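Participant: File target_11.json follows (JSON, N, CA and C atoms):
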```json
[["chain", "number", "residue", "atom", "x", "y", "z"],
["A", 14, "MET", "N", 103.00, 131.49, 147.91],
["A", 14, "MET", "CA", 103.85, 130.58, 148.65],
["A", 14, "MET", "C", 104.55, 129.66, 147.63],
["A", 15, "PRO", "N", 105.85, 129.59, 147.69],
["A", 15, "PRO", "CA", 106.56, 128.74, 146.73],
["A", 15, "PRO", "C", 106.36, 127.25, 147.02],
["A", 16, "VAL", "N", 106.62, 126.45, 146.02],
["A", 16, "VAL", "CA", 106.42, 125.01, 146.13],
["A", 16, "VAL", "C", 107.34, 124.41, 147.19],
["A", 17, "GLU", "N", 108.54, 124.95, 147.32],
["A", 17, "GLU", "CA", 109.47, 124.43, 148.32],
["A", 17, "GLU", "C", 108.91, 124.56, 149.73],
["A", 18, "SER", "N", 108.25, 125.66, 150.00],
["A", 18, "SER", "CA", 107.65, 125.86, 151.33],
["A", 18, "SER", "C", 106.53, 124.87, 151.59],
["A", 19, "ILE", "N", 105.74, 124.61, 150.57],
["A", 19, "ILE", "CA", 104.65, 123.63, 150.72],
["A", 19, "ILE", "C", 105.22, 122.25, 150.98],
["A", 20, "LEU", "N", 106.28, 121.88, 150.26],
["A", 20, "LEU", "CA", 106.89, 120.57, 150.46],
["A", 20, "LEU", "C", 107.52, 120.44, 151.84],
["A", 21, "ILE", "N", 108.10, 121.52, 152.34],
["A", 21, "ILE", "CA", 108.68, 121.49, 153.69],
["A", 21, "ILE", "C", 107.59, 121.28, 154.74],
["A", 22, "VAL", "N", 106.46, 121.96, 154.59],
["A", 22, "VAL", "CA", 105.36, 121.78, 155.53],
["A", 22, "VAL", "C", 104.82, 120.36, 155.45],
["A", 23, "LEU", "N", 104.67, 119.83, 154.24],
["A", 23, "LEU", "CA", 104.19, 118.45, 154.09],
["A", 23, "LEU", "C", 105.16, 117.45, 154.72],
["A", 24, "PHE", "N", 106.46, 117.66, 154.52],
["A", 24, "PHE", "CA", 107.44, 116.75, 155.09],
["A", 24, "PHE", "C", 107.38, 116.76, 156.62],
["A", 25, "TYR", "N", 107.28, 117.95, 157.21],
["A", 25, "TYR", "CA", 107.25, 118.02, 158.67],
["A", 25, "TYR", "C", 105.94, 117.48, 159.24],
["A", 26, "SER", "N", 104.85, 117.51, 158.47],
["A", 26, "SER", "CA", 103.60, 116.94, 158.97],
["A", 26, "SER", "C", 103.60, 115.42, 158.85],
["A", 27, "VAL", "N", 104.35, 114.86, 157.91],
["A", 27, "VAL", "CA", 104.41, 113.41, 157.73],
["A", 27, "VAL", "C", 105.52, 112.78, 158.56],
["A", 28, "LYS", "N", 106.49, 113.54, 158.93],
["A", 28, "LYS", "CA", 107.69, 113.02, 159.60],
["A", 28, "LYS", "C", 107.39, 112.14, 160.82],
["A", 29, "PRO", "N", 106.45, 112.49, 161.71],
["A", 29, "PRO", "CA", 106.21, 111.60, 162.86],
["A", 29, "PRO", "C", 105.63, 110.25, 162.47],
["A", 30, "TYR", "N", 105.04, 110.13, 161.28],
["A", 30, "TYR", "CA", 104.38, 108.90, 160.87],
["A", 30, "TYR", "C", 105.16, 108.14, 159.81],
["A", 31, "LEU", "N", 106.41, 108.48, 159.58],
["A", 31, "LEU", "CA", 107.20, 107.78, 158.58],
["A", 31, "LEU", "C", 107.43, 106.32, 158.95],
["A", 32, "TRP", "N", 107.55, 106.03, 160.22],
["A", 32, "TRP", "CA", 107.75, 104.64, 160.64],
["A", 32, "TRP", "C", 106.51, 103.81, 160.34],
["A", 33, "VAL", "N", 105.33, 104.39, 160.43],
["A", 33, "VAL", "CA", 104.10, 103.66, 160.09],
["A", 33, "VAL", "C", 104.06, 103.35, 158.60],
["A", 34, "LEU", "N", 104.44, 104.33, 157.78],
["A", 34, "LEU", "CA", 104.49, 104.10, 156.35],
["A", 34, "LEU", "C", 105.51, 103.03, 155.99],
["A", 35, "ALA", "N", 106.63, 103.02, 156.68],
["A", 35, "ALA", "CA", 107.64, 102.00, 156.42],
["A", 35, "ALA", "C", 107.12, 100.61, 156.79],
["A", 36, "LEU", "N", 106.37, 100.50, 157.88],
["A", 36, "LEU", "CA", 105.79, 99.21, 158.25],
["A", 36, "LEU", "C", 104.77, 98.74, 157.21],
["A", 37, "PHE", "N", 103.97, 99.67, 156.69],
["A", 37, "PHE", "CA", 102.99, 99.30, 155.66],
["A", 37, "PHE", "C", 103.67, 98.80, 154.40],
["A", 38, "LEU", "N", 104.84, 99.31, 154.10],
["A", 38, "LEU", "CA", 105.54, 98.92, 152.89],
["A", 38, "LEU", "C", 106.37, 97.65, 153.05],
["A", 39, "MET", "N", 106.69, 97.27, 154.28],
["A", 39, "MET", "CA", 107.57, 96.12, 154.48],
["A", 39, "MET", "C", 106.93, 94.80, 154.07],
["A", 40, "LEU", "N", 105.66, 94.58, 154.38],
["A", 40, "LEU", "CA", 105.02, 93.31, 154.07],
["A", 40, "LEU", "C", 104.97, 93.03, 152.57],
["A", 41, "PRO", "N", 104.46, 93.93, 151.73],
["A", 41, "PRO", "CA", 104.43, 93.60, 150.31],
["A", 41, "PRO", "C", 105.82, 93.50, 149.68],
["A", 42, "VAL", "N", 106.77, 94.30, 150.16],
["A", 42, "VAL", "CA", 108.11, 94.23, 149.59],
["A", 42, "VAL", "C", 108.77, 92.90, 149.98],
["A", 43, "CYS", "N", 108.64, 92.49, 151.24],
["A", 43, "CYS", "CA", 109.20, 91.20, 151.66],
["A", 43, "CYS", "C", 108.52, 90.05, 150.93],
["A", 44, "GLU", "N", 107.23, 90.16, 150.73],
["A", 44, "GLU", "CA", 106.52, 89.12, 149.99],
["A", 44, "GLU", "C", 107.01, 89.04, 148.55],
["A", 45, "PHE", "N", 107.23, 90.19, 147.94],
["A", 45, "PHE", "CA", 107.70, 90.22, 146.56],
["A", 45, "PHE", "C", 109.11, 89.66, 146.44],
["A", 46, "LEU", "N", 109.96, 89.94, 147.42],
["A", 46, "LEU", "CA", 111.36, 89.53, 147.32],
["A", 46, "LEU", "C", 111.60, 88.08, 147.70],
["A", 47, "PHE", "N", 110.86, 87.56, 148.69],
["A", 47, "PHE", "CA", 111.22, 86.27, 149.25],
["A", 47, "PHE", "C", 110.25, 85.13, 148.95],
["A", 48, "ILE", "N", 109.07, 85.42, 148.46],
["A", 48, "ILE", "CA", 108.09, 84.36, 148.20],
["A", 48, "ILE", "C", 107.92, 84.20, 146.69],
["A", 49, "PRO", "N", 108.03, 82.97, 146.17],
["A", 49, "PRO", "CA", 107.84, 82.77, 144.73],
["A", 49, "PRO", "C", 106.42, 83.13, 144.31],
["A", 50, "PRO", "N", 106.23, 83.49, 143.03],
["A", 50, "PRO", "CA", 104.91, 83.95, 142.58],
["A", 50, "PRO", "C", 103.79, 82.92, 142.78],
["A", 51, "ASP", "N", 104.10, 81.64, 142.77],
["A", 51, "ASP", "CA", 103.05, 80.64, 142.94],
["A", 51, "ASP", "C", 102.50, 80.58, 144.37],
["A", 52, "TYR", "N", 103.28, 81.02, 145.33],
["A", 52, "TYR", "CA", 102.89, 80.91, 146.73],
["A", 52, "TYR", "C", 102.59, 82.26, 147.39],
["A", 53, "ARG", "N", 102.43, 83.28, 146.62],
["A", 53, "ARG", "CA", 102.17, 84.60, 147.21],
["A", 53, "ARG", "C", 100.80, 84.64, 147.86],
["A", 54, "LEU", "N", 100.71, 85.41, 148.91],
["A", 54, "LEU", "CA", 99.48, 85.47, 149.70],
["A", 54, "LEU", "C", 98.36, 86.22, 148.99],
["A", 55, "MET", "N", 98.70, 87.28, 148.30],
["A", 55, "MET", "CA", 97.67, 88.13, 147.73],
["A", 55, "MET", "C", 97.54, 87.91, 146.23],
["A", 56, "GLY", "N", 96.84, 86.90, 145.87],
["A", 56, "GLY", "CA", 96.59, 86.66, 144.47],
["A", 56, "GLY", "C", 95.09, 86.60, 144.22],
["A", 57, "ASN", "N", 94.72, 86.72, 142.97],
["A", 57, "ASN", "CA", 93.33, 86.58, 142.53],
["A", 57, "ASN", "C", 92.37, 87.54, 143.24],
["A", 58, "GLY", "N", 92.66, 88.81, 143.22],
["A", 58, "GLY", "CA", 91.73, 89.81, 143.74],
["A", 58, "GLY", "C", 91.84, 90.13, 145.21],
["A", 59, "MET", "N", 92.82, 89.58, 145.91],
["A", 59, "MET", "CA", 92.95, 89.90, 147.32],
["A", 59, "MET", "C", 93.46, 91.31, 147.55],
["A", 60, "HIS", "N", 94.04, 91.91, 146.52],
["A", 60, "HIS", "CA", 94.55, 93.28, 146.65],
["A", 60, "HIS", "C", 93.43, 94.24, 147.03],
["A", 61, "LEU", "N", 92.29, 94.07, 146.39],
["A", 61, "LEU", "CA", 91.17, 94.97, 146.66],
["A", 61, "LEU", "C", 90.66, 94.81, 148.08],
["A", 62, "LEU", "N", 90.52, 93.58, 148.54],
["A", 62, "LEU", "CA", 90.04, 93.35, 149.90],
["A", 62, "LEU", "C", 91.01, 93.89, 150.95],
["A", 63, "VAL", "N", 92.29, 93.66, 150.73],
["A", 63, "VAL", "CA", 93.29, 94.15, 151.68],
["A", 63, "VAL", "C", 93.32, 95.67, 151.69],
["A", 64, "SER", "N", 93.24, 96.29, 150.50],
["A", 64, "SER", "CA", 93.28, 97.75, 150.45],
["A", 64, "SER", "C", 92.03, 98.36, 151.09],
["A", 65, "LEU", "N", 90.86, 97.75, 150.89],
["A", 65, "LEU", "CA", 89.65, 98.25, 151.55],
["A", 65, "LEU", "C", 89.73, 98.09, 153.07],
["A", 66, "ALA", "N", 90.28, 96.97, 153.53],
["A", 66, "ALA", "CA", 90.41, 96.77, 154.97],
["A", 66, "ALA", "C", 91.37, 97.78, 155.59],
["A", 67, "VAL", "N", 92.48, 98.04, 154.91],
["A", 67, "VAL", "CA", 93.43, 99.05, 155.42],
["A", 67, "VAL", "C", 92.78, 100.43, 155.41],
["A", 68, "GLY", "N", 92.00, 100.73, 154.37],
["A", 68, "GLY", "CA", 91.31, 102.02, 154.31],
["A", 68, "GLY", "C", 90.31, 102.21, 155.44],
["A", 69, "ILE", "N", 89.55, 101.18, 155.73],
["A", 69, "ILE", "CA", 88.56, 101.28, 156.81],
["A", 69, "ILE", "C", 89.26, 101.40, 158.16],
["A", 70, "LEU", "N", 90.29, 100.60, 158.39],
["A", 70, "LEU", "CA", 91.02, 100.69, 159.66],
["A", 70, "LEU", "C", 91.69, 102.05, 159.83],
["A", 71, "THR", "N", 92.22, 102.58, 158.73],
["A", 71, "THR", "CA", 92.83, 103.91, 158.80],
["A", 71, "THR", "C", 91.79, 104.97, 159.09],
["A", 72, "GLY", "N", 90.62, 104.84, 158.47],
["A", 72, "GLY", "CA", 89.55, 105.80, 158.73],
["A", 72, "GLY", "C", 89.10, 105.78, 160.18],
["A", 73, "LEU", "N", 89.12, 104.61, 160.80],
["A", 73, "LEU", "CA", 88.77, 104.54, 162.22],
["A", 73, "LEU", "C", 89.88, 105.07, 163.11],
["A", 74, "ALA", "N", 91.12, 105.03, 162.62],
["A", 74, "ALA", "CA", 92.24, 105.49, 163.43],
["A", 74, "ALA", "C", 92.54, 106.97, 163.25],
["A", 75, "VAL", "N", 92.06, 107.57, 162.17],
["A", 75, "VAL", "CA", 92.39, 108.98, 161.88],
["A", 75, "VAL", "C", 91.96, 109.93, 163.01],
["A", 76, "PRO", "N", 90.76, 109.82, 163.55],
["A", 76, "PRO", "CA", 90.42, 110.75, 164.64],
["A", 76, "PRO", "C", 91.36, 110.68, 165.83],
["A", 77, "SER", "N", 91.80, 109.48, 166.19],
["A", 77, "SER", "CA", 92.72, 109.39, 167.33],
["A", 77, "SER", "C", 94.10, 109.92, 166.98],
["A", 78, "LEU", "N", 94.51, 109.79, 165.71],
["A", 78, "LEU", "CA", 95.80, 110.37, 165.30],
["A", 78, "LEU", "C", 95.76, 111.89, 165.35],
["A", 79, "MET", "N", 94.60, 112.46, 165.14],
["A", 79, "MET", "CA", 94.45, 113.91, 165.14],
["A", 79, "MET", "C", 94.02, 114.44, 166.51],
["A", 80, "MET", "N", 94.19, 113.62, 167.55],
["A", 80, "MET", "CA", 93.84, 113.99, 168.93],
["A", 80, "MET", "C", 92.35, 114.35, 169.05],
["A", 81, "SER", "N", 91.51, 113.55, 168.42],
["A", 81, "SER", "CA", 90.07, 113.75, 168.46],
["A", 81, "SER", "C", 89.41, 112.42, 168.80],
["A", 82, "GLN", "N", 88.08, 112.38, 168.68],
["A", 82, "GLN", "CA", 87.33, 111.15, 168.92],
["A", 82, "GLN", "C", 86.39, 110.93, 167.76],
["A", 83, "LEU", "N", 86.03, 109.68, 167.55],
["A", 83, "LEU", "CA", 85.10, 109.36, 166.46],
["A", 83, "LEU", "C", 83.72, 109.94, 166.73],
["A", 84, "SER", "N", 83.38, 110.17, 167.98],
["A", 84, "SER", "CA", 82.07, 110.75, 168.31],
["A", 84, "SER", "C", 81.97, 112.22, 167.91],
["A", 85, "TYR", "N", 83.10, 112.88, 167.64],
["A", 85, "TYR", "CA", 83.07, 114.26, 167.19],
["A", 85, "TYR", "C", 82.79, 114.39, 165.70],
["A", 86, "VAL", "N", 82.80, 113.28, 164.98],
["A", 86, "VAL", "CA", 82.48, 113.30, 163.55],
["A", 86, "VAL", "C", 80.97, 113.30, 163.44],
["A", 87, "VAL", "N", 80.38, 114.50, 163.30],
["A", 87, "VAL", "CA", 78.94, 114.64, 163.39],
["A", 87, "VAL", "C", 78.33, 115.14, 162.08],
["A", 88, "THR", "N", 78.90, 116.16, 161.50],
["A", 88, "THR", "CA", 78.27, 116.78, 160.34],
["A", 88, "THR", "C", 78.56, 115.99, 159.07],
["A", 89, "ILE", "N", 77.83, 116.34, 158.03],
["A", 89, "ILE", "CA", 78.01, 115.67, 156.74],
["A", 89, "ILE", "C", 79.41, 115.95, 156.19],
["A", 90, "ALA", "N", 79.90, 117.14, 156.40],
["A", 90, "ALA", "CA", 81.25, 117.47, 155.92],
["A", 90, "ALA", "C", 82.31, 116.63, 156.64],
["A", 91, "ASP", "N", 82.14, 116.39, 157.93],
["A", 91, "ASP", "CA", 83.08, 115.54, 158.67],
["A", 91, "ASP", "C", 83.06, 114.11, 158.14],
["A", 92, "TRP", "N", 81.85, 113.58, 157.94],
["A", 92, "TRP", "CA", 81.74, 112.22, 157.42],
["A", 92, "TRP", "C", 82.28, 112.12, 156.00],
["A", 93, "ALA", "N", 82.03, 113.14, 155.20],
["A", 93, "ALA", "CA", 82.56, 113.13, 153.82],
["A", 93, "ALA", "C", 84.08, 113.13, 153.84],
["A", 94, "ALA", "N", 84.68, 113.93, 154.71],
["A", 94, "ALA", "CA", 86.13, 113.96, 154.80],
["A", 94, "ALA", "C", 86.68, 112.61, 155.27],
["A", 95, "LEU", "N", 86.01, 111.99, 156.23],
["A", 95, "LEU", "CA", 86.47, 110.69, 156.74],
["A", 95, "LEU", "C", 86.34, 109.60, 155.67],
["A", 96, "VAL", "N", 85.24, 109.61, 154.93],
["A", 96, "VAL", "CA", 85.05, 108.62, 153.86],
["A", 96, "VAL", "C", 86.07, 108.85, 152.74],
["A", 97, "LEU", "N", 86.35, 110.10, 152.41],
["A", 97, "LEU", "CA", 87.35, 110.38, 151.38],
["A", 97, "LEU", "C", 88.75, 109.98, 151.83],
["A", 98, "ILE", "N", 89.04, 110.12, 153.11],
["A", 98, "ILE", "CA", 90.33, 109.64, 153.63],
["A", 98, "ILE", "C", 90.41, 108.13, 153.48],
["A", 99, "MET", "N", 89.33, 107.43, 153.81],
["A", 99, "MET", "CA", 89.30, 105.97, 153.67],
["A", 99, "MET", "C", 89.50, 105.55, 152.22],
["A", 100, "LEU", "N", 88.79, 106.20, 151.30],
["A", 100, "LEU", "CA", 88.92, 105.86, 149.89],
["A", 100, "LEU", "C", 90.31, 106.19, 149.36],
["A", 101, "GLY", "N", 90.86, 107.32, 149.78],
["A", 101, "GLY", "CA", 92.20, 107.70, 149.33],
["A", 101, "GLY", "C", 93.26, 106.73, 149.79],
["A", 102, "ILE", "N", 93.18, 106.30, 151.05],
["A", 102, "ILE", "CA", 94.14, 105.33, 151.56],
["A", 102, "ILE", "C", 93.96, 103.98, 150.87],
["A", 103, "SER", "N", 92.72, 103.60, 150.61],
["A", 103, "SER", "CA", 92.47, 102.34, 149.91],
["A", 103, "SER", "C", 93.07, 102.34, 148.51],
["A", 104, "VAL", "N", 92.88, 103.43, 147.79],
["A", 104, "VAL", "CA", 93.45, 103.52, 146.44],
["A", 104, "VAL", "C", 94.98, 103.52, 146.52],
["A", 105, "TYR", "N", 95.52, 104.23, 147.49],
["A", 105, "TYR", "CA", 96.98, 104.30, 147.64],
["A", 105, "TYR", "C", 97.56, 102.91, 147.93],
["A", 106, "VAL", "N", 96.94, 102.17, 148.84],
["A", 106, "VAL", "CA", 97.43, 100.83, 149.17],
["A", 106, "VAL", "C", 97.27, 99.90, 147.96],
["A", 107, "TRP", "N", 96.16, 100.02, 147.23],
["A", 107, "TRP", "CA", 95.97, 99.19, 146.05],
["A", 107, "TRP", "C", 97.04, 99.50, 144.99],
["A", 108, "LEU", "N", 97.37, 100.77, 144.83],
["A", 108, "LEU", "CA", 98.40, 101.14, 143.87],
["A", 108, "LEU", "C", 99.78, 100.63, 144.27],
["A", 109, "ILE", "N", 100.01, 100.44, 145.55],
["A", 109, "ILE", "CA", 101.28, 99.89, 146.01],
["A", 109, "ILE", "C", 101.30, 98.37, 145.86],
["A", 110, "LEU", "N", 100.21, 97.71, 146.25],
["A", 110, "LEU", "CA", 100.20, 96.26, 146.26],
["A", 110, "LEU", "C", 100.11, 95.64, 144.87],
["A", 111, "ARG", "N", 99.36, 96.23, 143.99],
["A", 111, "ARG", "CA", 99.12, 95.60, 142.69],
["A", 111, "ARG", "C", 100.41, 95.41, 141.88],
["A", 112, "PRO", "N", 101.25, 96.44, 141.69],
["A", 112, "PRO", "CA", 102.47, 96.19, 140.91],
["A", 112, "PRO", "C", 103.47, 95.29, 141.61],
["A", 113, "LEU", "N", 103.51, 95.31, 142.93],
["A", 113, "LEU", "CA", 104.48, 94.49, 143.65],
["A", 113, "LEU", "C", 104.19, 93.00, 143.48],
["A", 114, "ASN", "N", 102.93, 92.64, 143.33],
["A", 114, "ASN", "CA", 102.59, 91.24, 143.26],
["A", 114, "ASN", "C", 102.58, 90.71, 141.82],
["A", 115, "ARG", "N", 102.71, 91.54, 140.83],
["A", 115, "ARG", "CA", 102.68, 91.08, 139.45],
["A", 115, "ARG", "C", 103.94, 90.33, 139.06],
["A", 116, "GLY", "N", 105.03, 90.63, 139.69],
["A", 116, "GLY", "CA", 106.28, 89.96, 139.38],
["A", 116, "GLY", "C", 107.12, 90.78, 138.40],
["A", 117, "ILE", "N", 108.32, 90.35, 138.21],
["A", 117, "ILE", "CA", 109.26, 91.08, 137.36],
["A", 117, "ILE", "C", 109.04, 90.75, 135.90],
["A", 118, "GLY", "N", 108.82, 89.52, 135.58],
["A", 118, "GLY", "CA", 108.77, 89.18, 134.18],
["A", 118, "GLY", "C", 107.53, 88.52, 133.78]]
```
Just give me the structure as structure tokens.

Facilitator:
Amino acid sequence: MPVESILIVLFYSVKPYLWVLALFLMLPVCEFLFIPPDYRLMGNGMHLLVSLAVGILTGLAVPSLMMSQLSYVVTIADWAALVLIMLGISVYVWLILRPLNRGIG
């Protein structure tokens, strides 16, 4: 399977949730653009707490996004996949928030 086909499948699977990703990106970008560095909300280690909170909330929301229920997560493989989704989202959010709050200069 060529790479183009894989990218097309990935794009069509993400397409319904692009508005959610845009909402997640709006807060840190607006904070970076409009709030001076001295008054920013996420300073001194708050990035980690916010990213962990988003990861946990996303992990709780993933079963409902996939038309399932949290009670169906029974086996060790299911729990491992859910925990890895939480960790992956947490790392992703941390990678977005950390550079945005450092400032330009």

Participant: Measuring between all atoms listed in the file, which one of A:Thr88, A:Gln82, A:Ser103, A:Ser26 shows the shortest distance to A:Ile69?

Facilitator: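 For A:Ile69, the nearest of the given residues is A:Ser103.
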
Participant: So, with only C-alpha atoms as the atoms that count, which of A:Leu73, A:Leu31, A:Cys43, A:Ile109 lies closest to A:Val96?

Facilitator: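 Ranking A:Leu73, A:Leu31, A:Cys43, A:Ile109 by distance to A:Val96, first place goes to A:Leu73.
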
Participant: Go through A:Met99, A:Ile21, A:Val16, A:Phe45 and flag the residue nearest A:Ser64, using all atoms listed in the file for the distances.

Facilitator: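 Going through A:Met99, A:Ile21, A:Val16, A:Phe45 one by one, the smallest distance to A:Ser64 is for A:Met99.
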
Participant: For atom C of A:Gly58 and atom C of A:Pro76, quote the distance in Å rounded to one decimal.

Facilitator: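 Atom-to-atom, atom C of A:Gly58 and atom C of A:Pro76 are spaced 29.1 Å apart.
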
Participant: Need the shell around A:Ile98: protein/DNA/RNA residues with any atom at most 8 Å away, counting all atoms listed in the file. Skip same-chain ones fewer than 5 positions apart. Format as a list in words?

Facilitator: Gly68, Ile69, Thr71, Gly72, Trp92, Ala93, Ser103 and Val104 of chain A

Participant: May I have the centre and edge lengths, in Å to one decimal, of an axis-aligned box around the listed atoms of stretch 105-114 of chain A with 6 Å added to every side, as lines of an AutoDock Vina configuration file?

Facilitator:
```
center_x = 100.0
center_y = 97.5
center_z = 145.0
size_x = 21.0
size_y = 25.6
size_z = 20.3
```

Participant: Between atom N of A:Met39 and atom N of A:Asp51, measure the distance and give it in Å to one decimal.

Facilitator: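 Result for atom N of A:Met39 versus atom N of A:Asp51: 19.6 Å, one decimal.
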
Participant: For A:Leu110, which of A:Ala74, A:Leu34, A:Val42, A:Val22 is the closest residue, counting only N, CA and C atoms?

Facilitator: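 Between A:Ala74, A:Leu34, A:Val42, A:Val22, the residue approaching A:Leu110 most closely is A:Val42.
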
Participant: Quick one: pull the distance between atom N of A:Glu44 and atom N of A:His60, Å, one decimal.

Facilitator: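 The value is 14.0 Å.
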
Participant: Please return as a PyMOL selection string: the residues of stretch 21-96 of chain A that backbone DSSP assigns to alpha helix (DSSP H).

Facilitator: chain A and resi 21-27+31-47+59-78+89-96
